[in-house]
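A.B. asks: Input: one structure, supplied below.
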Amino acid sequence: MKLPQYLLITMDRNNSFKDQFYLVLAGIFIASLVTCNLIANKFVTVDFGFKVFIVSAGILPYPLTFLVTDLISELYGQKKANLVVFSGFIASLFVLLFLWLGGQFNAIPSSIVDDVTYNSVFRNAWRLIAASMVAYLFAQFIDVRIFHFWKRLTNGKHLWIRNNGSTIASQFVDTTLVICILFLGVWDNDQIISAIIDGWLFKMLMAFLDTPIIYGILYLLKDKIDIAHIE
């Protein structure tokens, strides 16, 4: 049975928007991930009133990566979410390559950034991005897998459970791996444990805050993008 022309046009428009939105989400994901690695050497304090968190500046955009993977998981399915995770890994390798390449050439006398400044900012890039990538791969794939586990278990209901449940587990893995790879043997055990707790709790707060954001985005998209089938 041939579909009416107006239905075919509507389907084409919906598919076009769906593809475009996926690219936007993938772009936000990769930009957030790369930014995390570039600014992670700076540690800052974030005051929430009831607690002052001491965290890497790289943790500030990082919750966006989990928000995006949860959105992609919900809208496009597990395979598309895993594809974005892998794309982020490749993008980070490219960043690492060109950070190294930029350090192989001497700065000219009139350069705003001299060799000392460049090396001071990016001297830990190899170790930092390596630690970040190990943690990132484990955490993001865990996040996607747990998200879909809860989605199957609840038969596609209770988005807040899979959104927060997947993030709680994956962020703990991510924070623990990054801190341990970077600072085991450099910081004492109390500093390491404190950094893990602060980083994890900060990410949990961000995860709770992004739950209404996900609901809002899905509400706005309910007539434009079909929710992916349970896999």
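Labels for the structure tokens follow display order: chains A, B, ..., residues from 1 in each chain, ligands from 1.
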Do a neighbour search on A:Gly199 at 12 Å with only C-alpha atoms, toss out local chain neighbours closer than 3 positions, and write the hits as a ChimeraX atom specification.
C.D. replies: /A:43-46,52-60,62-63,168,171-179,191-196,202-206
A.B. asks: From the options A:Ile142, A:Leu97, A:Val113, A:Ile90, which residue's atoms come nearest to A:Gln78, counting only C-alpha atoms?
C.D. replies: A:Ile142
A.B. asks: Enter the distance from atom CA of A:Leu137 to atom CA of A:Val95, in Å, rounded to one decimal.
C.D. replies: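 Calculated distance between atom CA of A:Leu137 and atom CA of A:Val95 is 16.3 Å.
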A.B. asks: Counting only C-alpha atoms, which residue out of A:Arg145, A:Lys224, A:Arg152, A:Lys18 sits closest to A:Ala169?
C.D. replies: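 Checking each of A:Arg145, A:Lys224, A:Arg152, A:Lys18 against A:Ala169, counting only C-alpha atoms, the winner is A:Arg145.
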A.B. asks: Measuring between only C-alpha atoms, which one of A:Ala26, A:Ala40, A:Ile181, A:Ile108 shows the shortest distance to A:Ser73?
C.D. replies: A:Ala26
A.B. asks: Near A:Gly88, counting only C-alpha atoms, which residues have an atom at most 7 Å away, once you skip same-chain residues fewer than 3 positions from it, shown as a ChimeraX atom specification?
C.D. replies: /A:30,33,84-85,91-92
A.B. asks: Among the residues of chain A, find those DSSP assigns to strand (DSSP E) from the backbone and print them as a PyMOL selection string.
C.D. replies: chain A and resi 43-47+52-56
A.B. asks: For atom CA of A:Phe122 and atom CA of A:Ala31, quote the distance in Å rounded to one decimal.
C.D. replies: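 It comes out at 18.0 Å.
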A.B. asks: Hey, which of A:Ser32, A:Ser166, A:Gln20, A:Asn119 ends up closest to A:Gly103? Count only C-alpha atoms.
C.D. replies: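 Smallest separation from A:Gly103 among the options: A:Asn119.
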A.B. asks: Record the distance separating atom CA of A:Trp100 and atom CA of A:Tyr118, expressed in Å with one decimal.
C.D. replies: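 Atom CA of A:Tyr118 lies 10.5 Å from atom CA of A:Trp100.
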A.B. asks: I need the residues of stretch 92-224 of chain A that end up classed as alpha helix (DSSP H) by DSSP on the backbone, written out as a ChimeraX atom specification.
C.D. replies: /A:92-102,115-122,125-153,159-183,189-221
